[in-house]
Every structure is written in structure tokens, then in C-alpha cells.
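Note: the block below is structure_16.txt and it holds compact mmCIF, C-alpha atoms.
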```txt
# COMPACT_ATOMS: atom_id res chain seq x y z
CA ALA A 1 -21.97 -147.25 -110.28
CA GLN A 2 -24.78 -145.24 -111.77
CA SER A 3 -28.17 -146.85 -112.05
CA VAL A 4 -31.84 -146.12 -112.54
CA ALA A 5 -34.84 -148.12 -111.46
CA GLN A 6 -38.32 -148.17 -112.90
CA PRO A 7 -40.42 -149.95 -110.30
CA GLU A 8 -43.48 -150.50 -112.50
CA ASP A 9 -43.50 -152.86 -115.47
CA GLN A 10 -46.79 -151.44 -116.64
CA VAL A 11 -48.96 -148.44 -115.92
CA ASN A 12 -52.59 -148.23 -117.00
CA VAL A 13 -54.40 -144.91 -117.12
CA ALA A 14 -57.66 -143.72 -118.61
CA GLU A 15 -57.54 -141.26 -121.47
CA GLY A 16 -57.75 -137.70 -120.19
CA ASN A 17 -56.39 -138.58 -116.76
CA PRO A 18 -52.98 -137.48 -115.55
CA LEU A 19 -50.21 -140.03 -115.84
CA THR A 20 -47.02 -140.66 -113.91
CA VAL A 21 -44.23 -143.06 -114.82
CA LYS A 22 -41.76 -143.50 -112.00
CA CYS A 23 -38.00 -143.49 -112.05
CA THR A 24 -35.48 -143.43 -109.22
CA TYR A 25 -31.76 -143.05 -109.63
CA SER A 26 -28.52 -143.78 -107.88
CA VAL A 27 -25.52 -141.74 -108.97
CA SER A 28 -22.32 -140.34 -107.62
CA GLY A 29 -22.11 -136.66 -108.33
CA ASN A 30 -24.67 -134.64 -110.21
CA PRO A 31 -27.09 -136.74 -112.22
CA TYR A 32 -27.76 -136.34 -115.92
CA LEU A 33 -31.19 -137.91 -116.38
CA PHE A 34 -33.25 -138.64 -119.46
CA TRP A 35 -36.56 -140.02 -120.61
CA TYR A 36 -37.05 -141.83 -123.89
CA VAL A 37 -40.15 -143.35 -125.46
CA GLN A 38 -40.26 -146.35 -127.78
CA TYR A 39 -43.16 -147.27 -130.02
CA PRO A 40 -43.46 -150.85 -131.33
CA ASN A 41 -40.67 -151.85 -133.71
CA ARG A 42 -39.17 -148.38 -133.56
CA GLY A 43 -36.08 -146.79 -132.10
CA LEU A 44 -36.09 -144.68 -128.98
CA GLN A 45 -37.23 -141.09 -129.15
CA PHE A 46 -35.82 -138.46 -126.83
CA LEU A 47 -38.46 -136.84 -124.61
CA LEU A 48 -36.59 -134.68 -122.13
CA LYS A 49 -33.52 -134.35 -119.97
CA TYR A 50 -32.41 -132.92 -116.67
CA ILE A 51 -28.88 -131.63 -116.32
CA THR A 52 -29.18 -128.62 -114.07
CA GLY A 53 -31.56 -125.79 -113.34
CA ASP A 54 -35.28 -125.96 -112.70
CA ASN A 55 -36.51 -129.16 -111.13
CA LEU A 56 -39.48 -129.27 -113.46
CA VAL A 57 -38.37 -130.09 -116.97
CA LYS A 58 -40.66 -129.78 -119.95
CA GLY A 59 -40.24 -131.98 -122.97
CA SER A 60 -41.82 -133.22 -126.15
CA TYR A 61 -45.49 -134.15 -126.67
CA GLY A 62 -46.64 -132.40 -123.50
CA PHE A 63 -44.53 -134.52 -121.16
CA GLU A 64 -42.68 -133.13 -118.19
CA ALA A 65 -40.55 -134.59 -115.45
CA GLU A 66 -39.83 -133.53 -111.93
CA PHE A 67 -36.35 -133.91 -110.53
CA ASN A 68 -36.39 -134.52 -106.79
CA LYS A 69 -32.95 -134.67 -105.26
CA SER A 70 -34.03 -135.64 -101.76
CA GLN A 71 -36.06 -138.57 -103.05
CA THR A 72 -33.59 -139.34 -105.88
CA SER A 73 -36.49 -139.49 -108.28
CA PHE A 74 -37.18 -138.28 -111.80
CA HIS A 75 -40.80 -139.15 -112.50
CA LEU A 76 -42.32 -138.56 -115.91
CA LYS A 77 -45.71 -136.84 -115.96
CA LYS A 78 -48.38 -135.63 -118.30
CA PRO A 79 -51.52 -133.75 -117.22
CA SER A 80 -53.88 -135.46 -119.66
CA ALA A 81 -53.05 -138.82 -121.24
CA LEU A 82 -53.80 -139.70 -124.85
CA VAL A 83 -54.32 -143.16 -126.29
CA SER A 84 -51.41 -142.39 -128.62
CA ASP A 85 -49.13 -142.07 -125.58
CA SER A 86 -49.30 -145.84 -125.18
CA ALA A 87 -45.72 -147.02 -125.57
CA LEU A 88 -42.64 -148.22 -123.71
CA TYR A 89 -40.89 -145.57 -121.63
CA PHE A 90 -37.27 -145.71 -120.55
CA CYS A 91 -35.53 -143.65 -117.92
CA ALA A 92 -31.77 -143.31 -118.35
CA VAL A 93 -28.77 -141.87 -116.55
CA ARG A 94 -25.47 -140.85 -118.02
CA ASP A 95 -22.43 -142.84 -116.98
CA MET A 96 -18.92 -141.77 -117.75
CA ARG A 97 -16.29 -144.25 -118.80
CA THR A 98 -12.58 -143.91 -118.14
CA SER A 99 -12.11 -143.15 -121.83
CA GLY A 100 -14.07 -139.96 -121.32
CA THR A 101 -16.91 -141.33 -123.39
CA TYR A 102 -20.35 -141.32 -121.91
CA LYS A 103 -22.96 -143.99 -122.17
CA TYR A 104 -26.51 -144.32 -121.06
CA ILE A 105 -27.65 -146.75 -118.44
CA PHE A 106 -31.28 -147.51 -119.14
CA GLY A 107 -33.94 -148.60 -116.71
CA THR A 108 -35.90 -151.74 -117.44
CA GLY A 109 -38.73 -149.79 -119.04
CA THR A 110 -42.36 -149.16 -118.17
CA ARG A 111 -45.13 -149.99 -120.55
CA LEU A 112 -47.78 -147.29 -120.52
CA LYS A 113 -51.24 -148.26 -121.63
CA VAL A 114 -53.79 -145.49 -122.04
CA LEU A 115 -57.34 -146.79 -122.16
CA ALA A 116 -59.99 -145.08 -124.25
CA ASP B 117 -31.94 -133.96 -142.03
CA THR B 118 -32.54 -134.90 -138.39
CA GLU B 119 -32.71 -138.63 -138.74
CA VAL B 120 -30.64 -141.72 -138.27
CA THR B 121 -31.40 -144.15 -141.09
CA GLN B 122 -30.87 -147.86 -140.64
CA THR B 123 -30.98 -150.49 -143.33
CA PRO B 124 -32.28 -153.06 -143.75
CA LYS B 125 -35.34 -152.84 -141.51
CA HIS B 126 -35.62 -156.61 -141.31
CA LEU B 127 -33.01 -159.30 -141.85
CA VAL B 128 -33.19 -163.06 -141.66
CA MET B 129 -29.89 -164.86 -141.85
CA GLY B 130 -28.54 -168.34 -141.37
CA MET B 131 -25.84 -169.14 -138.88
CA THR B 132 -23.24 -169.50 -141.63
CA ASN B 133 -24.13 -166.28 -143.44
CA LYS B 134 -22.26 -163.01 -143.52
CA LYS B 135 -24.35 -159.87 -143.53
CA SER B 136 -23.99 -156.21 -142.65
CA LEU B 137 -26.19 -153.63 -140.99
CA LYS B 138 -25.89 -150.05 -142.09
CA CYS B 139 -26.49 -146.81 -140.24
CA GLU B 140 -26.29 -143.30 -141.68
CA GLN B 141 -26.74 -139.81 -140.30
CA HIS B 142 -26.18 -136.38 -141.82
CA MET B 143 -26.54 -134.23 -138.72
CA GLY B 144 -22.81 -133.72 -138.28
CA HIS B 145 -22.80 -135.91 -135.18
CA ARG B 146 -19.36 -137.19 -134.30
CA ALA B 147 -20.32 -140.04 -131.99
CA MET B 148 -22.22 -143.13 -133.15
CA TYR B 149 -23.45 -146.13 -131.24
CA TRP B 150 -24.69 -149.68 -131.71
CA TYR B 151 -27.22 -151.07 -129.26
CA LYS B 152 -28.84 -154.47 -129.04
CA GLN B 153 -32.35 -154.78 -127.68
CA LYS B 154 -34.13 -158.00 -126.85
CA ALA B 155 -37.90 -158.05 -126.56
CA LYS B 156 -39.28 -156.12 -123.58
CA LYS B 157 -35.75 -155.30 -122.39
CA PRO B 158 -33.78 -152.04 -122.35
CA PRO B 159 -31.20 -151.42 -125.04
CA GLU B 160 -27.73 -152.72 -124.27
CA LEU B 161 -24.71 -150.83 -125.52
CA MET B 162 -22.42 -152.74 -127.86
CA PHE B 163 -20.03 -150.22 -129.42
CA VAL B 164 -19.29 -146.50 -129.39
CA TYR B 165 -17.41 -144.66 -132.11
CA SER B 166 -16.13 -141.18 -131.44
CA TYR B 167 -14.65 -139.21 -134.34
CA GLU B 168 -14.55 -142.43 -136.38
CA LYS B 169 -12.49 -144.26 -133.77
CA LEU B 170 -13.75 -147.13 -131.67
CA SER B 171 -14.13 -145.77 -128.16
CA ILE B 172 -16.07 -148.45 -126.34
CA ASN B 173 -16.47 -152.17 -127.00
CA GLU B 174 -18.69 -153.68 -124.34
CA SER B 175 -17.02 -157.09 -124.56
CA VAL B 176 -19.06 -157.97 -127.61
CA PRO B 177 -18.29 -161.35 -129.27
CA SER B 178 -16.06 -161.15 -132.31
CA ARG B 179 -18.84 -162.41 -134.56
CA PHE B 180 -19.99 -158.77 -134.42
CA SER B 181 -17.55 -156.44 -136.14
CA PRO B 182 -18.20 -152.69 -136.25
CA GLU B 183 -16.83 -150.33 -138.83
CA CYS B 184 -16.99 -146.57 -139.18
CA PRO B 185 -15.84 -145.65 -142.71
CA ASN B 186 -16.59 -141.95 -142.25
CA SER B 187 -18.32 -139.55 -139.89
CA SER B 188 -21.75 -140.23 -141.40
CA LEU B 189 -21.71 -143.98 -141.71
CA LEU B 190 -21.59 -146.85 -139.26
CA ASN B 191 -21.69 -150.51 -140.18
CA LEU B 192 -22.08 -153.67 -138.16
CA HIS B 193 -20.72 -156.78 -139.88
CA LEU B 194 -22.24 -160.06 -138.81
CA HIS B 195 -20.72 -163.50 -139.23
CA ALA B 196 -21.52 -166.91 -137.77
CA LEU B 197 -24.26 -165.60 -135.52
CA GLN B 198 -26.28 -167.70 -133.11
CA PRO B 199 -30.06 -167.81 -132.75
CA GLU B 200 -29.73 -165.97 -129.43
CA ASP B 201 -28.34 -163.01 -131.35
CA SER B 202 -31.79 -162.41 -132.77
CA ALA B 203 -32.81 -158.95 -131.58
CA LEU B 204 -33.53 -155.39 -132.59
CA TYR B 205 -30.26 -153.64 -133.40
CA LEU B 206 -30.39 -149.92 -132.85
CA CYS B 207 -28.00 -147.30 -134.10
CA ALA B 208 -27.77 -143.90 -132.43
CA SER B 209 -25.75 -140.75 -132.80
CA SER B 210 -24.92 -137.72 -130.71
CA GLN B 211 -23.11 -134.48 -131.29
CA ASP B 212 -20.02 -135.75 -129.54
CA ARG B 213 -18.97 -138.50 -127.22
CA GLN B 214 -20.39 -136.61 -124.32
CA GLY B 215 -23.70 -137.18 -126.01
CA ALA B 216 -25.75 -136.77 -122.95
CA GLY B 217 -25.78 -133.00 -123.07
CA TYR B 218 -27.96 -133.16 -126.15
CA GLY B 219 -29.46 -136.62 -126.03
CA TYR B 220 -29.13 -139.33 -128.60
CA THR B 221 -30.92 -139.64 -131.91
CA PHE B 222 -31.89 -143.25 -132.52
CA GLY B 223 -32.66 -145.01 -135.75
CA SER B 224 -35.69 -147.25 -136.08
CA GLY B 225 -33.57 -150.33 -135.88
CA THR B 226 -32.95 -153.53 -137.80
CA ARG B 227 -34.97 -156.53 -136.67
CA LEU B 228 -32.53 -159.43 -136.99
CA THR B 229 -33.59 -163.06 -136.95
CA VAL B 230 -30.93 -165.77 -136.97
CA VAL B 231 -32.17 -169.16 -138.11
```
Can the structure from this file be put into C-alpha cells for me?
Amino acid sequence: AQSVAQPEDQVNVAEGNPLTVKCTYSVSGNPYLFWYVQYPNRGLQFLLKYITGDNLVKGSYGFEAEFNKSQTSFHLKKPSALVSDSALYFCAVRDMRTSGTYKYIFGTGTRLKVLA
Amino acid sequence: DTEVTQTPKHLVMGMTNKKSLKCEQHMGHRAMYWYKQKAKKPPELMFVYSYEKLSINESVPSRFSPECPNSSLLNLHLHALQPEDSALYLCASSQDRQGAGYGYTFGSGTRLTVV
């Protein structure tokens, strides 16, 4: 079965410093990986995805993620954190059902707190 | 229009009430989803509709009844809920049931409290 793991419940980083939010995956076949962000009392917002191609994927709001096949990781990064980046971040992998419909399997989430 | 709109934003209902959650999108997406999210937890898939047909039911209790009247609208009918059903209910859509190629668009959710 497909799965993703986010080993950190919370990450604290000072404003202006680089940030990394970790995600590792376990899939059979080629992984389809995603990052979403959730602000309080809001739905999830798509940040970026990896399907194929370059290992470094660029997404919304200056975020990027690096796909590392040998380490089965898909860490989210940003060169310079903003206080407004403080939110809950979810890594997800696509899982296919026998019906041919796909669903996401979400990680447990990492709360990012950027300190002014 | 690039949004998924959910109404109401907040709902408080008694255990004997019947209520409905509504979700609407006008992006031409043909797959729509209901998720349930408890505090500080990841969203959990409840239902998937693909081309207005129910494609996935994740063994959700029958007190939750989904309905997809047309390609733009998704409802979740609620009846005889329990306090543990209190959660944020998220609707999402994608271009098709393969969804993942383009990502999902999520609504802001309905915060449901069952008293």
C-alpha cells in the first residue's frame, strides 16, 4: 500500500531563514507526490506536485520540493521563510483504487511556525 | 471561477436533526470529493463522485448520504449524527477521477458541531 510519513509534528524557523519540511514515501511503482498547505479553518491549498521529470519541483509562494528516489523522500523547502508561511503542511501520495479512481493518502501533517 | 464554494461555513445541529452541506464548483471538473478532517489530523476521504456517479464510498456510516445532482454540485445529507461526527468537512474537485495529474481544488470547508 502507498503511504507517506511526515516525521516532524512541528517545525520552528526564524523569519528569513531557509525552511525544510520533511516527507518520506513508500509506493509501488512510480510515485505521484504532492504538497498542500492549510491555514486555520480553511481548506487545503495545492502547492506543488512531482509526477516525472526534474527532481526539483517549483511551486506556489516560492516553495519547492526535491524528489529523491534513493532516499524515498520529497522534502518541501523554501530559501527564506516568512511569518505568513506559518500553517499546517501535508504531504500526499496518489493511490489508485480498483475502480480506476485515484485518491490521496495524506501524511499526518507538519505544523510550520515561522518566528519573527 | 477557480474556486470550490462550500455552504454553510459553520453548522451546529442536534443529534435528531437533518441538515445538508453543499458544495459547488464551476471549473468543469468531473470528479468531486468529500473529506472529513478532525482537529490536527489529515483529511480522511469519505466519498468520490466521478461524472456524477458514486465511485468510492470509504465505508462511511449511512447517516451520511452524498448526492451529486449535476456536474457542478455535490451535497452531503446528514441525519442522526453523533457528537463524534463533529469535524471540518471539506469538499474538493479535480478535472477527472485521476485527479492527481492536476491536483485537487479544495473548498474552505464546513465546520460541523453536533450537540
Determine the nearest neighbour of Ser26 of chain A from the options A:Ala5, A:Leu56, A:Leu76, A:Ile51, counting only C-alpha atoms.
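Result for the nearest residue to Ser26 of chain A: A:Ala5.
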Of the residues A:Tyr61, A:Tyr25, A:Tyr32, A:Tyr39, which is the one nearest to Arg111 of chain A, using only C-alpha atoms?
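Smallest separation from Arg111 of chain A among the options: A:Tyr39.
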Quick one: which residues from chain B are at most 12 Å off chain A, using all atoms listed in the file, as a ChimeraX atom specification?
/B:119-122,125-126,146-167,169-174,203-228
Counting all atoms listed in the file, what is within 7 Å of segment 129-136 of chain B, bar same-chain residues fewer than 6 positions away, as a PyMOL selection string?
chain B and resi 191-198+229-231
Could you please determine the separation between atom CA of Lys77 of chain A and atom CA of Leu115 of chain A in Å, to one decimal place?
16.5 Å
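Between Val27 of chain A and the candidates A:Val57, A:Val83, A:Val114, A:Ala1, the tightest atom-to-atom separation, counting all atoms listed in the file, involves A:Ala1.
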Anything within 12 Å of (-39.6, -131.7, -108.8): list those residues as a list in words, counting only C-alpha atoms and sticking to the file's coordinates.
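Protein, DNA and RNA residues close to (-39.6, -131.7, -108.8): Tyr50, Gly53, Asp54, Asn55, Leu56, Val57, Lys58, Glu64, Ala65, Glu66, Phe67, Asn68, Lys69, Ser70, Gln71, Thr72, Ser73, Phe74, His75, Leu76 and Lys77 of chain A.
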Atom CA of Gln141 of chain B to atom CA of Val37 of chain A: how many Å, to one decimal?
20.3 Å
One decimal, in Å: what's the spacing between atom CA of Ala116 of chain A and atom CA of Gly62 of chain A?
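Interatomic distance, atom CA of Ala116 of chain A to atom CA of Gly62 of chain A: 18.4 Å.
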